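Notes to accompany the following structure.
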Amino acid sequence: MEYIKLIGILIIVLGFALKLDVLAVVLVAGIVTGLVAGLDFVHILEIIGESFVNNRLMSIFLIMFPVIAIIERYGMKERAAYLIGKIRNASAGKVLSIWMVVRSVASALNIRIGGHVQFIRPLILPMTSAAAEASKGSPLSEKEEEKVKGLSAATENFGNFFAQNCFPASASVVLIQSGLAVAGYEVSLSDIASSAIYVMIISVILTIVQVMLFDKKVKGGRKS
Amino acid sequence: MTNFLGIYFPEFFYVLCGLVCFLTAFRARKNESAKLGTMLFWTLTGIIFMLGKVLPSALVGAMLIAMGFLTVTKQVKIGKFKESTPEFRKASSERIGSKIFVPAVAVGLIALILSFVKYDVMKDGVATPTALNGAIMTGVACVIALVLAFVICKPKISDTKEDTSRLLMQVGAACLLPQLLGALGSVFAEAGVGEVISGMISSVVPQGNIVIGVIIYVFGMVIFTMIMGNAFAAFTVITAGIGVPFVISQGGNPAVIGVLGMTAGYCGTLMTPMAANFNIVPCAVLETKDPKWSVIKAQIPMALMMIVVHIILMLAIGFR
């Protein structure tokens, strides 16, 4: 009965849907999957422990926290709001559109500009919400504030994901090449990367449409 | 030198991450409730960061399970903090001016410069230029930015310690989720979950129709990425199981189909809480009201449109 191995996926889906404690859900899913596949319990602990330690790079952003702590206490957001307020016709959509273009180009050239901790919280979000407020002419509602946060985080992901394959030596392009090679298709890295440009351009256009629609909504909110 | 840059120097920055966790653990002694659990949780996190490379893997696994027990029994909580007042922030922003941006910009700029640095690693007797470890790039940039922040703002150390602990407690266990999901992926791989799924899909899909093949490949990438939380893991399984037999072998251009398959997977990444580092950690970092779905909600319209774009692109340019 091979399908029993999928029980981990079921646990994850149910656990996330029922809003159970995420750490426990993931651990249980891993242990149960390992056990039904006939792995030894200690071996499962070893796999989890080793992989967790090898993935520490994903959490390296913790060392940025003291920097954020200081610059936020000393008025970074207030300064961003002041500067954006001086620009006429600033709006959330314009700030995010510029960011999307910058982020996509950087991602396509494999330049490390981006990150939710490094860029969105300290720089992009304060500028975007200040711009949204300036274009609305009054403080944002809680719902609008939430939307600004969601969009700011989303543009970071859009720019990162859809442009990264334009760089021939990026991890994903190398993986595509090796995946195709295993199946018997030899393709050059630059062939793969040059095929990625369509997706990048379309994603930038769609993002700009999305944030401009949000602008319209915010400005409409002023009248009501 | 190679060992130093490749192995030991990155560990230094994980030790610093560990110190941030210890700081938070120590601050948890002032928590109103769940004092012990919170202290223990952040201490264990700090130990794994600092000593992860030298501890036996099974012990790290056991520590993670202990941490899971703490969070599931609600023994990890956010303490009460006195935040800075709007008046204070306004006054100091007027005093410091735009110099306040220097540390934040420095992080990006320094990491950018370091990303161009290459050093030689001996591989099979040949010197191969290698980029610096990511931990070094981020780590060096953050340490320099911290020094700049101290010079520019002259903050009270006690305030900085308080604010740092507050930030970490607010992000909470979510900051460990990406690593843990990576670990889950490793268990799935060892257990052979991918093979089961690709076997299931290829047994129900009819062969011979290009349009159906493309649609199944794109949706296979999307759905499998949503389940695994990782497009890379999905790509290997789904391309071998669906992409090659149903799309590429029917005359598709492998380079075009391959790259579109990968970004089709990214559409799935945009919609799944399994991709915690992209979708859930940002919620915590930006302090959204909804701790899981705020970012995903903003991404769903884009993801759905991009799925359609991928199907059209594959059919339009994949078979030229």
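Residue numbering restarts at 1 for every chain of the structure tokens, chains are lettered A, B, ... in their displayed order, and ligands are numbered from 1 as they appear.
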
Quick one: DSSP strand (DSSP E or B) residues in stretch 20-207 of chain B, as a ChimeraX atom specification? /B:118-123,126-131

Residues near stretch 60-66 of chain B, cut-off 7 Å, only C-alpha atoms, skip fewer than 2 positions along chain, as a VMD selection string: (chain A and resid 27 45 to 46 48 to 49) or (chain B and resid 44 48 55 to 58 68 to 70)

Name the residues of stretch 113-238 of chain B that come out as helix (DSSP H, G or I) in a backbone DSSP run; write them as a ChimeraX atom specification. /B:113-114,134-153,157-191,193-204,210-228,231-238

Counting only C-alpha atoms, which of B:Gln299, B:Asn31, B:Ser198, B:Thr128 gets nearest to chain A?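 Distance minimum relative to chain A lands on B:Gln299.
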
10 Å contact set for A:Ser178, only C-alpha atoms, chain neighbours under 6 positions out, as an MDAnalysis selection string: (chainID A and resid 172 184:187 189) or (chainID B and resid 236)

Selection above as a file: C-alpha atoms, as a PDB file, in the first residue's frame:
```pdb
ATOM      1  CA  SER A 172      16.996  27.381 -10.634  1.00  0.00           C
ATOM      2  CA  GLY A 184      18.043  12.849 -21.893  1.00  0.00           C
ATOM      3  CA  TYR A 185      17.735  16.423 -23.183  1.00  0.00           C
ATOM      4  CA  GLU A 186      20.957  18.452 -23.334  1.00  0.00           C
ATOM      5  CA  VAL A 187      20.192  22.196 -23.256  1.00  0.00           C
ATOM      6  CA  LEU A 189      22.095  27.451 -19.674  1.00  0.00           C
TER       7      LEU A 189
ATOM      8  CA  THR B 236      12.481  17.195 -10.573  1.00  0.00           C
TER       9      THR B 236
END
```

Could you check how far atom CA of A:Lys94 sits from atom CA of A:Ser194, in Å to one decimal?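 Interatomic distance, atom CA of A:Lys94 to atom CA of A:Ser194: 28.4 Å.
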
Atom-to-atom span, atom CA of B:Ile223 and atom CA of B:Ile242, Å: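 Pair atom CA of B:Ile223 / atom CA of B:Ile242 returns 12.9 Å.
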
Closest-contact table, stretch 170-234 of chain B side, partner stretch 13-23 of chain A, 9 Å, counting only C-alpha atoms, as a Markdown table:
```
| residue | atom | partner | partner_atom | distance |
| --- | --- | --- | --- | --- |
| B:Ala173 | CA | A:Leu23 | CA | 7.2 |
| B:Ala174 | CA | A:Val22 | CA | 8.1 |
| B:Leu176 | CA | A:Leu23 | CA | 8.2 |
| B:Leu177 | CA | A:Leu23 | CA | 6.8 |
| B:Leu180 | CA | A:Leu23 | CA | 7.7 |
| B:Ile227 | CA | A:Val13 | CA | 8.2 |
```

Export, as a compact mmCIF listing (two decimals), in the first residue's frame, the selected residues with N, CA, C and O atoms.
```
# COMPACT_ATOMS: atom_id res chain seq x y z
N ALA B 173 7.68 31.51 16.53
CA ALA B 173 8.05 30.21 15.96
C ALA B 173 8.02 30.23 14.44
O ALA B 173 8.64 29.38 13.80
N ALA B 174 7.32 31.23 13.84
CA ALA B 174 7.25 31.30 12.38
C ALA B 174 8.64 31.38 11.77
O ALA B 174 8.86 30.92 10.65
N LEU B 176 11.16 29.72 12.42
CA LEU B 176 11.80 28.41 12.27
C LEU B 176 11.10 27.56 11.22
O LEU B 176 11.60 26.52 10.81
N LEU B 177 9.91 28.00 10.79
CA LEU B 177 9.10 27.19 9.89
C LEU B 177 9.79 26.86 8.56
O LEU B 177 9.75 25.70 8.13
N LEU B 180 12.16 24.08 9.10
CA LEU B 180 11.48 22.84 9.47
C LEU B 180 10.79 22.21 8.27
O LEU B 180 10.79 20.99 8.11
N ILE B 227 1.93 21.60 -2.43
CA ILE B 227 2.00 20.56 -1.40
C ILE B 227 3.39 20.53 -0.76
O ILE B 227 3.53 20.49 0.46
```

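The two atoms in question, atom CA of A:Leu39 and atom CA of B:Val193, are spaced 13.1 Å apart.
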
In terms of the shortest atom-to-atom distance over only C-alpha atoms, which of A:Gln177, A:Asn54, A:Ser152, A:Ser195 is closest to A:Ser97? A:Ser152
